[in-house]
$ cat structure00.cif   # mmCIF, C-alpha atoms
data_structure
loop_
_atom_site.label_atom_id
_atom_site.label_comp_id
_atom_site.auth_asym_id
_atom_site.auth_seq_id
_atom_site.Cartn_x
_atom_site.Cartn_y
_atom_site.Cartn_z
CA MET R 1 12.92 -7.74 -9.04
CA GLY R 2 13.13 -5.61 -5.92
CA ILE R 3 10.36 -4.06 -3.87
CA LYS R 4 11.17 -0.55 -5.09
CA ARG R 5 10.78 -1.56 -8.73
CA ARG R 6 7.51 -3.43 -8.07
CA LEU R 7 6.09 -0.40 -6.25
CA LYS R 8 7.08 1.85 -9.16
CA LEU R 9 5.22 -0.47 -11.51
CA ALA R 10 2.15 -0.36 -9.25
CA LEU R 11 2.29 3.44 -9.17
CA ARG R 12 2.60 3.52 -12.96
CA TYR R 13 -0.37 1.18 -13.33
CA LEU R 14 -2.45 3.42 -11.04
CA ASN R 15 -1.41 6.48 -13.09
CA LEU R 16 0.52 7.91 -10.14
CA LYS R 17 3.86 8.08 -11.96
CA ARG R 18 5.01 11.25 -10.21
CA ALA R 19 4.25 9.93 -6.74
CA GLU R 20 6.88 9.11 -4.19
CA LEU R 21 6.35 6.89 -1.15
CA ASP R 22 8.02 6.23 2.13
CA VAL R 23 7.94 2.58 3.20
CA LEU R 24 8.84 1.46 6.71
CA PHE R 25 9.19 -2.15 7.80
CA VAL R 26 8.61 -2.72 11.52
CA GLY R 27 8.05 -5.56 13.97
CA SER R 28 4.82 -6.37 15.79
CA ARG R 29 5.74 -4.42 18.93
CA ARG R 30 6.31 -1.18 17.02
CA MET R 31 3.24 -1.75 14.84
CA LYS R 32 1.05 -2.22 17.92
CA ILE R 33 2.31 1.09 19.32
CA MET R 34 1.66 2.88 16.02
CA ASN R 35 -1.76 1.30 15.55
CA ASN R 36 -2.73 2.33 19.08
CA ARG R 37 -1.42 5.87 18.62
CA TYR R 38 -2.95 6.59 15.22
CA ARG R 39 -6.05 4.38 15.14
CA ALA R 40 -6.75 3.76 18.85
CA GLU R 41 -6.53 0.01 18.21
CA ASN R 42 -4.40 -1.98 20.63
CA THR R 43 -3.32 -4.68 18.18
CA ALA R 44 -0.42 -5.23 15.81
CA THR R 45 -2.03 -4.92 12.39
CA ASP R 46 -0.37 -6.00 9.15
CA VAL R 47 -0.13 -2.63 7.35
CA LEU R 48 -0.81 1.04 8.05
CA SER R 49 -1.01 3.89 5.55
CA PHE R 50 -0.61 7.59 6.14
CA PRO R 51 -1.77 9.64 3.13
CA GLN R 52 -0.47 13.15 2.56
CA TYR R 53 -3.62 14.19 0.70
CA ASN R 54 -7.32 13.88 1.51
CA SER R 55 -8.17 13.16 -2.11
CA LEU R 56 -6.35 12.37 -5.35
CA LYS R 57 -7.92 15.56 -6.69
CA GLU R 58 -5.47 17.49 -4.47
CA LEU R 59 -2.38 15.98 -6.13
CA PRO R 60 -0.12 18.45 -7.89
CA GLY R 61 -0.12 17.63 -11.59
CA ASP R 62 3.04 19.43 -12.60
CA MET R 63 5.65 18.09 -10.16
CA ASP R 64 6.70 15.08 -8.12
CA TYR R 65 4.92 14.68 -4.79
CA LEU R 66 4.93 12.52 -1.67
CA LEU R 67 1.78 10.39 -1.79
CA GLY R 68 2.25 9.13 1.77
CA ASP R 69 3.78 6.52 4.02
CA ILE R 70 3.22 2.77 4.20
CA VAL R 71 4.22 0.83 7.32
CA VAL R 72 4.44 -2.98 7.02
CA ASN R 73 4.60 -5.35 9.97
CA ILE R 74 7.14 -7.97 8.90
CA GLU R 75 6.31 -10.13 11.93
CA HIS R 76 2.55 -10.31 11.33
CA PRO R 77 1.28 -13.93 11.38
CA SER R 78 -0.44 -13.51 8.00
CA LEU R 79 2.82 -12.59 6.29
CA ASP R 80 4.42 -15.23 4.11
CA ALA R 81 7.11 -13.51 2.06
CA ALA R 82 7.59 -16.60 -0.08
CA HIS R 83 4.05 -16.27 -1.41
CA GLY R 84 4.06 -12.58 -2.33
CA HIS R 85 2.33 -11.33 0.80
CA ILE R 86 4.70 -8.39 1.14
CA ASP R 87 3.61 -7.25 -2.33
CA ARG R 88 -0.03 -7.69 -1.32
CA LEU R 89 0.47 -5.60 1.83
CA LEU R 90 2.32 -2.90 -0.09
CA VAL R 91 -0.40 -2.72 -2.75
CA HIS R 92 -3.04 -2.71 -0.02
CA GLY R 93 -1.29 0.21 1.65
CA LEU R 94 -0.84 1.97 -1.68
CA LEU R 95 -4.56 1.68 -2.42
CA HIS R 96 -5.32 3.27 0.94
CA LEU R 97 -3.07 6.16 -0.08
CA ALA R 98 -5.02 6.36 -3.34
CA GLY R 99 -8.30 6.75 -1.47
CA TYR R 100 -9.61 3.20 -1.16
CA ASP R 101 -10.94 2.22 2.27
CA HIS R 102 -12.33 -1.25 2.94
CA GLU R 103 -13.59 -0.09 6.33
CA LYS R 104 -16.21 2.15 4.71
CA GLY R 105 -18.59 -0.71 3.95
CA THR R 106 -18.84 -3.97 2.09
CA ARG R 107 -19.19 -2.34 -1.33
CA MET R 108 -16.01 -0.31 -0.93
CA ALA R 109 -14.25 -3.35 0.55
CA ALA R 110 -15.18 -5.45 -2.49
CA LYS R 111 -14.04 -2.67 -4.82
CA MET R 112 -10.73 -2.32 -2.98
CA PHE R 113 -9.96 -6.04 -2.87
CA LYS R 114 -10.83 -6.38 -6.57
CA LYS R 115 -8.46 -3.49 -7.36
CA GLU R 116 -5.80 -5.12 -5.22
CA GLU R 117 -5.95 -8.28 -7.34
CA GLU R 118 -5.96 -6.20 -10.52
CA VAL R 119 -2.85 -4.23 -9.49
CA LEU R 120 -0.98 -7.34 -8.31
CA SER R 121 -1.74 -9.09 -11.59
CA ALA R 122 -0.73 -6.05 -13.64
CA VAL R 123 2.55 -5.62 -11.75
CA LYS R 124 3.38 -9.28 -12.25
CA LYS R 125 2.71 -8.95 -15.98
CA MET R 126 4.62 -5.66 -16.27
CA ALA R 127 7.56 -7.14 -14.34
CA GLY R 128 7.70 -10.03 -16.81
CA GLU R 129 7.80 -7.59 -19.72
CA CYS R 130 10.67 -5.66 -18.12
CA GLN R 131 12.95 -8.68 -17.90
#
$ encode --input "structure00.cif" --output "structure tokens"
Amino acid sequence: MGIKRRLKLALRYLNLKRAELDVLFVGSRRMKIMNNRYRAENTATDVLSFPQYNSLKELPGDMDYLLGDIVVNIEHPSLDAAHGHIDRLLVHGLLHLAGYDHEKGTRMAAKMFKKEEEVLSAVKKMAGECQ
């Protein structure tokens, strides 16, 4: 099952069925530039998210909408595509677009990482049902 389908399942699970995303895959050099420009961090991180809304409460309920952009560093040392890490990074980025932020304290980090596992598990189960 392709990345697009797995992301659609994650959006459905999060009740964001009308959301659209842009996903960009970049190398470490480009990611370092982007991370420096947008977060003032001079490192090549694994994933960046750029939400279009400040809160899910702002989402239009009656039409499709762009939730935001996810940028994945396909050269990041932590990435092991064979073990589902691309899915993990995409879900991580998606949760940032949905308002989760692990950098806002340990409680929010725990909540976000728990949700990440929940979404990954749900997508895996939903993908099995779709086959």
$ closest_residue --input "structure00.cif" --among "R:Ala40, R:Leu16, R:Ala10, R:Ile70" --to "Leu56 of chain R" --atoms "only C-alpha atoms"
R:Leu16
$ atom_distance --input "structure00.cif" --atom1 "atom CA of Arg37 of chain R" --atom2 "atom CA of Pro60 of chain R"
29.4 Å
$ residues_around --input "structure00.cif" --residues "segment 97-105 of chain R" --least-positions-apart "4" --cutoff "12 Å" --atoms "all atoms listed in the file" --output "PyMOL selection string"
chain R and resi 10-11+14-16+19-22+47-59+66-71+90-93+109-116
$ closest_residue --input "structure00.cif" --among "R:Arg88, R:Lys125, R:Arg107, R:His76" --to "Val26 of chain R" --atoms "all atoms listed in the file"
R:His76
$ atom_distance --input "structure00.cif" --atom1 "atom CA of Met1 of chain R" --atom2 "atom CA of Ser121 of chain R"
14.9 Å
$ atom_distance --input "structure00.cif" --atom1 "atom CA of Asp62 of chain R" --atom2 "atom CA of Leu95 of chain R"
21.8 Å
$ closest_residue --input "structure00.cif" --among "R:Ser28, R:Arg5, R:Ala122, R:Arg18" --to "Pro77 of chain R" --atoms "only C-alpha atoms"
R:Ser28
$ resolve_selection --input "structure00.cif" --expression "the PyMOL selection byres ((chain R and resi 123) around 9)" --output "PyMOL selection string"
chain R and resi 6-7+9-10+13+118-122+124-128
$ residues_around --input "structure00.cif" --residues "Gly27 of chain R" --least-positions-apart "4" --cutoff "12 Å" --atoms "all atoms listed in the file" --output "list in words"
Met31, Lys32, Ile33, Met34, Ala44, Thr45, Asp46, Val47, Val71, Val72, Asn73, Ile74, Glu75, His76, Pro77 and Leu79 of chain R
$ closest_residue --input "structure00.cif" --among "R:His96, R:Lys17, R:His85, R:Arg39" --to "Tyr65 of chain R" --atoms "only C-alpha atoms"
R:Lys17
$ decode --input "structure00.cif" --residues "segment 35-61 of chain R" --atoms "N, CA and C atoms" --output "PDB file, in the first residue's frame"
ATOM      1  N   ASN R  35      15.262  24.037   8.147  1.00  0.00           N
ATOM      2  CA  ASN R  35      15.192  24.065   9.599  1.00  0.00           C
ATOM      3  C   ASN R  35      15.820  25.353  10.139  1.00  0.00           C
ATOM      4  N   ASN R  36      16.885  25.793   9.514  1.00  0.00           N
ATOM      5  CA  ASN R  36      17.529  27.045   9.917  1.00  0.00           C
ATOM      6  C   ASN R  36      16.635  28.242   9.597  1.00  0.00           C
ATOM      7  N   ARG R  37      16.040  28.236   8.440  1.00  0.00           N
ATOM      8  CA  ARG R  37      15.194  29.346   8.012  1.00  0.00           C
ATOM      9  C   ARG R  37      13.922  29.475   8.851  1.00  0.00           C
ATOM     10  N   TYR R  38      13.266  28.363   9.115  1.00  0.00           N
ATOM     11  CA  TYR R  38      11.954  28.421   9.759  1.00  0.00           C
ATOM     12  C   TYR R  38      11.965  28.185  11.274  1.00  0.00           C
ATOM     13  N   ARG R  39      13.042  27.575  11.782  1.00  0.00           N
ATOM     14  CA  ARG R  39      13.089  27.303  13.223  1.00  0.00           C
ATOM     15  C   ARG R  39      14.362  27.824  13.879  1.00  0.00           C
ATOM     16  N   ALA R  40      15.229  28.464  13.089  1.00  0.00           N
ATOM     17  CA  ALA R  40      16.508  28.991  13.582  1.00  0.00           C
ATOM     18  C   ALA R  40      17.350  27.900  14.244  1.00  0.00           C
ATOM     19  N   GLU R  41      17.272  26.692  13.693  1.00  0.00           N
ATOM     20  CA  GLU R  41      18.077  25.568  14.179  1.00  0.00           C
ATOM     21  C   GLU R  41      18.956  25.113  13.026  1.00  0.00           C
ATOM     22  N   ASN R  42      20.256  25.090  13.261  1.00  0.00           N
ATOM     23  CA  ASN R  42      21.214  24.798  12.205  1.00  0.00           C
ATOM     24  C   ASN R  42      21.551  23.306  12.142  1.00  0.00           C
ATOM     25  N   THR R  43      20.527  22.475  12.085  1.00  0.00           N
ATOM     26  CA  THR R  43      20.697  21.030  11.967  1.00  0.00           C
ATOM     27  C   THR R  43      19.685  20.488  10.954  1.00  0.00           C
ATOM     28  N   ALA R  44      19.990  19.320  10.453  1.00  0.00           N
ATOM     29  CA  ALA R  44      19.072  18.641   9.536  1.00  0.00           C
ATOM     30  C   ALA R  44      18.174  17.725  10.361  1.00  0.00           C
ATOM     31  N   THR R  45      16.992  18.182  10.668  1.00  0.00           N
ATOM     32  CA  THR R  45      16.049  17.386  11.452  1.00  0.00           C
ATOM     33  C   THR R  45      15.417  16.314  10.584  1.00  0.00           C
ATOM     34  N   ASP R  46      14.588  15.471  11.184  1.00  0.00           N
ATOM     35  CA  ASP R  46      13.976  14.373  10.433  1.00  0.00           C
ATOM     36  C   ASP R  46      12.693  14.777   9.724  1.00  0.00           C
ATOM     37  N   VAL R  47      11.879  15.649  10.352  1.00  0.00           N
ATOM     38  CA  VAL R  47      10.602  16.047   9.755  1.00  0.00           C
ATOM     39  C   VAL R  47      10.244  17.457  10.208  1.00  0.00           C
ATOM     40  N   LEU R  48       9.660  18.216   9.306  1.00  0.00           N
ATOM     41  CA  LEU R  48       9.122  19.545   9.614  1.00  0.00           C
ATOM     42  C   LEU R  48       7.662  19.571   9.174  1.00  0.00           C
ATOM     43  N   SER R  49       6.872  20.351   9.900  1.00  0.00           N
ATOM     44  CA  SER R  49       5.459  20.523   9.554  1.00  0.00           C
ATOM     45  C   SER R  49       5.129  21.996   9.503  1.00  0.00           C
ATOM     46  N   PHE R  50       4.295  22.355   8.548  1.00  0.00           N
ATOM     47  CA  PHE R  50       3.884  23.741   8.373  1.00  0.00           C
ATOM     48  C   PHE R  50       2.358  23.791   8.296  1.00  0.00           C
ATOM     49  N   PRO R  51       1.703  23.987   9.441  1.00  0.00           N
ATOM     50  CA  PRO R  51       0.233  24.007   9.456  1.00  0.00           C
ATOM     51  C   PRO R  51      -0.331  25.258   8.789  1.00  0.00           C
ATOM     52  N   GLN R  52      -1.488  25.097   8.194  1.00  0.00           N
ATOM     53  CA  GLN R  52      -2.184  26.232   7.576  1.00  0.00           C
ATOM     54  C   GLN R  52      -3.136  26.910   8.558  1.00  0.00           C
ATOM     55  N   TYR R  53      -3.390  26.243   9.676  1.00  0.00           N
ATOM     56  CA  TYR R  53      -4.337  26.776  10.661  1.00  0.00           C
ATOM     57  C   TYR R  53      -3.678  26.782  12.037  1.00  0.00           C
ATOM     58  N   ASN R  54      -4.057  27.735  12.860  1.00  0.00           N
ATOM     59  CA  ASN R  54      -3.531  27.813  14.221  1.00  0.00           C
ATOM     60  C   ASN R  54      -4.189  26.789  15.137  1.00  0.00           C
ATOM     61  N   SER R  55      -5.383  26.364  14.790  1.00  0.00           N
ATOM     62  CA  SER R  55      -6.147  25.448  15.621  1.00  0.00           C
ATOM     63  C   SER R  55      -7.097  24.651  14.731  1.00  0.00           C
ATOM     64  N   LEU R  56      -7.405  23.434  15.150  1.00  0.00           N
ATOM     65  CA  LEU R  56      -8.372  22.638  14.397  1.00  0.00           C
ATOM     66  C   LEU R  56      -9.755  23.269  14.424  1.00  0.00           C
ATOM     67  N   LYS R  57      -9.998  24.135  15.378  1.00  0.00           N
ATOM     68  CA  LYS R  57     -11.286  24.832  15.455  1.00  0.00           C
ATOM     69  C   LYS R  57     -11.501  25.757  14.262  1.00  0.00           C
ATOM     70  N   GLU R  58     -10.405  26.145  13.585  1.00  0.00           N
ATOM     71  CA  GLU R  58     -10.495  27.040  12.432  1.00  0.00           C
ATOM     72  C   GLU R  58     -10.820  26.296  11.130  1.00  0.00           C
ATOM     73  N   LEU R  59     -10.793  24.976  11.149  1.00  0.00           N
ATOM     74  CA  LEU R  59     -10.995  24.212   9.918  1.00  0.00           C
ATOM     75  C   LEU R  59     -12.391  24.419   9.359  1.00  0.00           C
ATOM     76  N   PRO R  60     -12.486  24.614   8.047  1.00  0.00           N
ATOM     77  CA  PRO R  60     -13.813  24.719   7.440  1.00  0.00           C
ATOM     78  C   PRO R  60     -14.496  23.360   7.469  1.00  0.00           C
ATOM     79  N   GLY R  61     -15.721  23.318   7.910  1.00  0.00           N
ATOM     80  CA  GLY R  61     -16.417  22.044   8.045  1.00  0.00           C
ATOM     81  C   GLY R  61     -17.160  21.605   6.811  1.00  0.00           C
TER      82      GLY R  61
END
